[in-house]
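Next comes coords.txt, a file with compact mmCIF, C-alpha atoms.
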```
# COMPACT_ATOMS: atom_id res chain seq x y z
CA MET B 1 1.52 -1.63 7.59
CA LYS B 2 -0.42 1.55 7.37
CA GLN B 3 -3.68 -0.20 6.47
CA ALA B 4 -6.94 1.48 7.48
CA PRO B 5 -8.94 0.13 10.45
CA GLU B 6 -10.77 -3.11 9.72
CA HIS B 7 -14.25 -1.55 9.79
CA LEU B 8 -13.26 0.80 6.95
CA VAL B 9 -11.66 -2.00 4.92
CA ASP B 10 -14.78 -4.17 5.40
CA LEU B 11 -16.97 -1.32 4.13
CA ILE B 12 -14.80 -0.13 1.22
CA GLU B 13 -13.22 -3.28 -0.32
CA PRO B 14 -16.52 -4.89 -1.41
CA ILE B 15 -17.63 -1.64 -3.10
CA VAL B 16 -14.36 -1.31 -5.03
CA GLU B 17 -14.36 -4.99 -6.05
CA GLY B 18 -18.07 -4.82 -6.94
CA LEU B 19 -17.21 -2.10 -9.45
CA GLY B 20 -14.69 -4.46 -11.07
CA TYR B 21 -11.45 -3.08 -9.60
CA GLU B 22 -8.81 -4.51 -7.32
CA CYS B 23 -8.62 -2.76 -3.97
CA VAL B 24 -4.83 -2.57 -3.58
CA GLY B 25 -5.04 -0.94 -0.15
CA ILE B 26 -6.61 1.70 2.01
CA GLU B 27 -4.78 4.27 4.13
CA TYR B 28 -6.45 6.29 6.84
CA ASN B 29 -4.68 9.15 8.57
CA PRO B 30 -7.04 10.60 11.18
CA HIS B 31 -6.83 14.24 12.11
CA PRO B 32 -9.52 16.41 13.74
CA LYS B 33 -9.50 19.03 10.97
CA HIS B 34 -8.01 17.39 7.89
CA GLY B 35 -8.00 13.61 8.02
CA LEU B 36 -7.23 11.63 4.87
CA LEU B 37 -8.82 8.44 3.55
CA ARG B 38 -6.81 7.22 0.54
CA ILE B 39 -7.94 4.24 -1.52
CA TYR B 40 -5.64 2.64 -4.09
CA ILE B 41 -7.37 0.84 -6.96
CA ASP B 42 -6.05 -1.11 -9.93
CA SER B 43 -7.24 -3.16 -12.91
CA GLU B 44 -5.66 -5.22 -15.65
CA ASN B 45 -6.16 -2.31 -18.07
CA GLY B 46 -4.67 0.28 -15.70
CA ILE B 47 -6.51 3.16 -14.05
CA LEU B 48 -7.81 6.37 -15.62
CA VAL B 49 -9.16 9.48 -13.92
CA GLU B 50 -12.68 8.31 -14.85
CA ASP B 51 -12.12 5.09 -12.88
CA CYS B 52 -11.07 7.05 -9.79
CA THR B 53 -14.09 9.34 -10.16
CA LYS B 54 -16.47 6.37 -10.45
CA VAL B 55 -15.05 4.69 -7.33
CA SER B 56 -14.91 7.97 -5.41
CA HIS B 57 -18.59 8.65 -6.14
CA GLN B 58 -19.66 5.20 -4.90
CA ILE B 59 -17.44 5.28 -1.80
CA SER B 60 -18.57 8.80 -0.95
CA GLY B 61 -22.22 7.71 -1.04
CA ALA B 62 -21.55 4.73 1.20
CA MET B 63 -19.50 6.82 3.62
CA ASP B 64 -22.34 9.38 3.87
CA VAL B 65 -24.85 6.63 4.70
CA GLU B 66 -22.65 4.55 7.04
CA ASP B 67 -20.78 7.53 8.55
CA PRO B 68 -17.86 5.39 9.89
CA ILE B 69 -15.43 8.28 10.44
CA LEU B 70 -15.86 10.94 13.10
CA GLY B 71 -14.90 14.43 12.03
CA ASN B 72 -13.79 15.80 8.69
CA TYR B 73 -11.66 13.91 6.20
CA HIS B 74 -10.61 14.14 2.59
CA LEU B 75 -11.40 11.17 0.32
CA GLU B 76 -8.78 10.36 -2.30
CA VAL B 77 -8.96 7.54 -4.85
CA SER B 78 -5.77 6.81 -6.76
CA SER B 79 -3.95 4.28 -8.88
CA PRO B 80 -1.06 2.69 -6.99
CA GLY B 81 1.45 4.11 -9.48
CA ALA B 82 4.81 2.66 -10.49
CA ASP B 83 6.00 2.76 -6.87
CA ARG B 84 2.92 0.93 -5.64
CA PRO B 85 2.48 0.53 -1.88
CA PHE B 86 2.10 -2.95 -0.41
CA PHE B 87 -0.60 -3.64 2.19
CA LYS B 88 -0.84 -7.45 2.20
CA VAL B 89 1.55 -10.41 2.25
CA SER B 90 -0.03 -11.64 -1.00
CA GLN B 91 1.22 -8.51 -2.76
CA PHE B 92 4.81 -9.48 -1.90
CA GLU B 93 4.14 -12.96 -3.32
CA ARG B 94 2.91 -11.46 -6.58
CA TYR B 95 6.10 -9.40 -6.94
CA ILE B 96 8.77 -12.02 -6.07
CA GLY B 97 11.93 -11.01 -7.97
CA SER B 98 11.07 -7.30 -7.78
CA ARG B 99 12.82 -4.66 -5.70
CA VAL B 100 11.02 -3.03 -2.77
CA LEU B 101 11.79 -0.32 -0.23
CA VAL B 102 10.67 -1.39 3.24
CA ASN B 103 10.49 0.85 6.31
CA LEU B 104 10.52 -0.92 9.66
CA PHE B 105 9.02 -0.04 13.03
CA LYS B 106 12.22 -1.27 14.75
CA ALA B 107 15.67 -1.88 13.33
CA ILE B 108 16.65 -5.33 12.03
CA ASP B 109 20.44 -5.80 11.95
CA GLY B 110 20.77 -2.07 12.66
CA ARG B 111 18.57 -1.06 9.71
CA ARG B 112 15.21 0.76 9.70
CA LYS B 113 15.05 0.85 5.87
CA ILE B 114 15.85 -1.98 3.52
CA THR B 115 15.83 -1.85 -0.27
CA GLY B 116 16.05 -5.35 -1.65
CA LEU B 117 14.75 -8.00 -4.02
CA ILE B 118 11.85 -10.08 -2.79
CA VAL B 119 13.43 -13.54 -2.75
CA LYS B 120 10.66 -15.55 -1.11
CA VAL B 121 7.59 -15.31 1.08
CA GLU B 122 6.97 -17.95 3.75
CA GLY B 123 3.94 -17.45 5.94
CA ASP B 124 4.15 -13.86 7.14
CA ALA B 125 7.93 -13.53 6.62
CA ILE B 126 9.39 -11.84 3.56
CA SER B 127 12.99 -12.55 2.53
CA LEU B 128 14.72 -9.54 1.01
CA GLN B 129 18.12 -9.67 -0.66
CA GLU B 130 20.24 -6.54 -0.63
CA GLY B 131 23.59 -7.19 -2.26
CA ASP B 132 24.81 -10.45 -0.75
CA GLN B 133 22.86 -10.02 2.49
CA ILE B 134 19.43 -11.63 3.12
CA PHE B 135 16.99 -10.04 5.57
CA GLU B 136 14.12 -12.10 6.98
CA VAL B 137 11.46 -9.48 7.68
CA PRO B 138 8.19 -10.31 9.45
CA PHE B 139 5.29 -8.56 7.72
CA ILE B 140 4.12 -7.18 11.07
CA ALA B 141 7.50 -5.41 11.51
CA MET B 142 6.93 -3.30 8.37
CA SER B 143 5.58 0.21 8.75
CA LYS B 144 5.59 0.85 5.00
CA ALA B 145 6.61 -0.96 1.81
CA ARG B 146 6.71 0.20 -1.80
CA LEU B 147 7.78 -1.26 -5.10
CA VAL B 148 10.90 0.43 -6.49
CA PRO B 149 10.22 1.21 -10.17
CA GLU B 150 12.76 0.03 -12.76
CA TYR B 151 13.51 3.60 -13.86
CA LEU B 152 14.71 4.43 -10.33
CA ILE B 153 16.88 1.30 -10.15
CA GLU B 154 18.57 2.28 -13.42
CA LYS B 155 19.29 5.75 -12.00
CA GLY B 156 20.53 4.31 -8.70
CA GLY B 157 17.74 5.87 -6.62
CA ARG B 158 15.84 4.75 -3.50
CA SER B 159 18.64 3.24 -1.48
CA GLY B 160 17.64 1.97 1.95
CA LYS B 161 21.09 2.60 3.40
```
For this file, write the structure as structure tokens.
Amino acid sequence: MKQAPEHLVDLIEPIVEGLGYECVGIEYNPHPKHGLLRIYIDSENGILVEDCTKVSHQISGAMDVEDPILGNYHLEVSSPGADRPFFKVSQFERYIGSRVLVNLFKAIDGRRKITGLIVKVEGDAISLQEGDQIFEVPFIAMSKARLVPEYLIEKGGRSGK
């Protein structure tokens, strides 16, 4: 998955959770001139712009003090949205019975993208059902995974074929 390096996760997660939010995941895309640090937060009551601002302010202060990233970067704090990204195996467990779009580093059964229902999670393997076919996908083989919102399923969007 596209999770940020461990030193960034170890710095950021406790701050987000200390403010009373769930840290859904952290993406870091380094670039010498315009890197991006994106933090997804959530709560039982949903996320408002004020929540993102509050978290951004705290993270920004910690990043200025700790200075864990070389070069320039843009800090973005966001709700995960209806098509929430998955960063941890536990997130697949929470959404068993839901449809996800998974991108793979290498093809499994000739496929690099799979859109399927999460049938079960055993250890680090996620079972996805697409039609009458079941794919056993190791978590480590996934480059990206997102929930497919119901409104897209009804419209027939986000096919992994």
query = Using all atoms listed in the file, which residues sit within 10 Å of Glu122 of chain B once same-chain residues fewer than 5 positions away are excluded, as a ChimeraX atom specification?
reply = /B:89,93,127,136,138
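Around Asp83 of chain B, within 6 Å and counting only C-alpha atoms, the residues found are Gly81, Arg146, Leu147, Val148 and Pro149 of chain B, once anything fewer than 2 positions away on its own chain is removed.
Going from atom CA of Ile15 of chain B over to atom CA of Ile59 of chain B, you cover 7.0 Å.
Distances to Ile114 of chain B were evaluated for B:Glu50, B:Glu130, B:Glu27, B:Asp10 using only C-alpha atoms, and the minimum falls at B:Glu130.
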note = Judged by only C-alpha atoms, the minimum distance to Met63 of chain B among B:Val49, B:Ile26, B:Val137, B:Leu75 is found for B:Leu75
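When atom CA of Gln3 of chain B is paired with atom CA of Ala145 of chain B, their separation reads 11.3 Å.
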Generate all heavy atoms for segment 52-63 of chain B and emit them as a PDB file, keeping the file's coordinate frame.
```
ATOM      1  N   CYS B  52     -11.175   6.490 -11.148  1.00  0.00           N
ATOM      2  CA  CYS B  52     -11.070   7.050  -9.790  1.00  0.00           C
ATOM      3  C   CYS B  52     -12.337   7.819  -9.429  1.00  0.00           C
ATOM      4  O   CYS B  52     -12.837   7.715  -8.307  1.00  0.00           O
ATOM      5  CB  CYS B  52      -9.844   7.964  -9.686  1.00  0.00           C
ATOM      6  SG  CYS B  52      -8.280   7.087  -9.851  1.00  0.00           S
ATOM      7  N   THR B  53     -12.867   8.564 -10.391  1.00  0.00           N
ATOM      8  CA  THR B  53     -14.090   9.340 -10.160  1.00  0.00           C
ATOM      9  C   THR B  53     -15.262   8.415  -9.862  1.00  0.00           C
ATOM     10  O   THR B  53     -16.042   8.658  -8.929  1.00  0.00           O
ATOM     11  CB  THR B  53     -14.409  10.205 -11.396  1.00  0.00           C
ATOM     12  OG1 THR B  53     -13.301  11.069 -11.638  1.00  0.00           O
ATOM     13  CG2 THR B  53     -15.658  11.029 -11.196  1.00  0.00           C
ATOM     14  N   LYS B  54     -15.376   7.344 -10.634  1.00  0.00           N
ATOM     15  CA  LYS B  54     -16.470   6.370 -10.450  1.00  0.00           C
ATOM     16  C   LYS B  54     -16.406   5.745  -9.050  1.00  0.00           C
ATOM     17  O   LYS B  54     -17.408   5.685  -8.332  1.00  0.00           O
ATOM     18  CB  LYS B  54     -16.337   5.296 -11.530  1.00  0.00           C
ATOM     19  CG  LYS B  54     -17.363   4.211 -11.522  1.00  0.00           C
ATOM     20  CD  LYS B  54     -17.115   3.339 -12.760  1.00  0.00           C
ATOM     21  CE  LYS B  54     -17.691   1.973 -12.626  1.00  0.00           C
ATOM     22  NZ  LYS B  54     -17.377   1.138 -13.802  1.00  0.00           N
ATOM     23  N   VAL B  55     -15.215   5.306  -8.646  1.00  0.00           N
ATOM     24  CA  VAL B  55     -15.050   4.690  -7.330  1.00  0.00           C
ATOM     25  C   VAL B  55     -15.290   5.717  -6.227  1.00  0.00           C
ATOM     26  O   VAL B  55     -15.968   5.437  -5.239  1.00  0.00           O
ATOM     27  CB  VAL B  55     -13.659   4.018  -7.204  1.00  0.00           C
ATOM     28  CG1 VAL B  55     -13.398   3.582  -5.774  1.00  0.00           C
ATOM     29  CG2 VAL B  55     -13.549   2.840  -8.161  1.00  0.00           C
ATOM     30  N   SER B  56     -14.748   6.904  -6.407  1.00  0.00           N
ATOM     31  CA  SER B  56     -14.910   7.970  -5.410  1.00  0.00           C
ATOM     32  C   SER B  56     -16.389   8.269  -5.170  1.00  0.00           C
ATOM     33  O   SER B  56     -16.825   8.420  -4.031  1.00  0.00           O
ATOM     34  CB  SER B  56     -14.176   9.230  -5.872  1.00  0.00           C
ATOM     35  OG  SER B  56     -14.352  10.266  -4.941  1.00  0.00           O
ATOM     36  N   HIS B  57     -17.155   8.352  -6.249  1.00  0.00           N
ATOM     37  CA  HIS B  57     -18.590   8.650  -6.140  1.00  0.00           C
ATOM     38  C   HIS B  57     -19.310   7.567  -5.329  1.00  0.00           C
ATOM     39  O   HIS B  57     -20.103   7.876  -4.435  1.00  0.00           O
ATOM     40  CB  HIS B  57     -19.196   8.782  -7.536  1.00  0.00           C
ATOM     41  CG  HIS B  57     -20.653   9.084  -7.527  1.00  0.00           C
ATOM     42  ND1 HIS B  57     -21.153  10.321  -7.188  1.00  0.00           N
ATOM     43  CD2 HIS B  57     -21.727   8.292  -7.782  1.00  0.00           C
ATOM     44  CE1 HIS B  57     -22.473  10.292  -7.243  1.00  0.00           C
ATOM     45  NE2 HIS B  57     -22.847   9.073  -7.608  1.00  0.00           N
ATOM     46  N   GLN B  58     -19.010   6.297  -5.615  1.00  0.00           N
ATOM     47  CA  GLN B  58     -19.660   5.200  -4.900  1.00  0.00           C
ATOM     48  C   GLN B  58     -19.238   5.146  -3.433  1.00  0.00           C
ATOM     49  O   GLN B  58     -20.070   4.938  -2.548  1.00  0.00           O
ATOM     50  CB  GLN B  58     -19.337   3.858  -5.585  1.00  0.00           C
ATOM     51  CG  GLN B  58     -19.983   3.697  -6.937  1.00  0.00           C
ATOM     52  CD  GLN B  58     -21.494   3.652  -6.854  1.00  0.00           C
ATOM     53  OE1 GLN B  58     -22.069   2.997  -5.995  1.00  0.00           O
ATOM     54  NE2 GLN B  58     -22.155   4.378  -7.743  1.00  0.00           N
ATOM     55  N   ILE B  59     -17.951   5.322  -3.186  1.00  0.00           N
ATOM     56  CA  ILE B  59     -17.440   5.280  -1.800  1.00  0.00           C
ATOM     57  C   ILE B  59     -18.020   6.451  -1.008  1.00  0.00           C
ATOM     58  O   ILE B  59     -18.442   6.296   0.142  1.00  0.00           O
ATOM     59  CB  ILE B  59     -15.897   5.328  -1.767  1.00  0.00           C
ATOM     60  CG1 ILE B  59     -15.298   4.106  -2.455  1.00  0.00           C
ATOM     61  CG2 ILE B  59     -15.389   5.475  -0.345  1.00  0.00           C
ATOM     62  CD1 ILE B  59     -15.582   2.783  -1.805  1.00  0.00           C
ATOM     63  N   SER B  60     -18.054   7.610  -1.626  1.00  0.00           N
ATOM     64  CA  SER B  60     -18.570   8.800  -0.950  1.00  0.00           C
ATOM     65  C   SER B  60     -20.019   8.590  -0.508  1.00  0.00           C
ATOM     66  O   SER B  60     -20.389   8.936   0.620  1.00  0.00           O
ATOM     67  CB  SER B  60     -18.464  10.007  -1.895  1.00  0.00           C
ATOM     68  OG  SER B  60     -18.853  11.176  -1.243  1.00  0.00           O
ATOM     69  N   GLY B  61     -20.825   7.995  -1.385  1.00  0.00           N
ATOM     70  CA  GLY B  61     -22.220   7.710  -1.040  1.00  0.00           C
ATOM     71  C   GLY B  61     -22.329   6.762   0.138  1.00  0.00           C
ATOM     72  O   GLY B  61     -23.105   6.978   1.070  1.00  0.00           O
ATOM     73  N   ALA B  62     -21.527   5.704   0.110  1.00  0.00           N
ATOM     74  CA  ALA B  62     -21.550   4.730   1.200  1.00  0.00           C
ATOM     75  C   ALA B  62     -21.055   5.342   2.510  1.00  0.00           C
ATOM     76  O   ALA B  62     -21.603   5.058   3.581  1.00  0.00           O
ATOM     77  CB  ALA B  62     -20.687   3.515   0.840  1.00  0.00           C
ATOM     78  N   MET B  63     -20.044   6.186   2.422  1.00  0.00           N
ATOM     79  CA  MET B  63     -19.500   6.820   3.620  1.00  0.00           C
ATOM     80  C   MET B  63     -20.534   7.787   4.222  1.00  0.00           C
ATOM     81  O   MET B  63     -20.634   7.895   5.442  1.00  0.00           O
ATOM     82  CB  MET B  63     -18.205   7.567   3.295  1.00  0.00           C
ATOM     83  CG  MET B  63     -17.071   6.669   2.823  1.00  0.00           C
ATOM     84  SD  MET B  63     -16.492   5.500   4.045  1.00  0.00           S
ATOM     85  CE  MET B  63     -15.526   6.580   5.066  1.00  0.00           C
TER      86      MET B  63
END
```
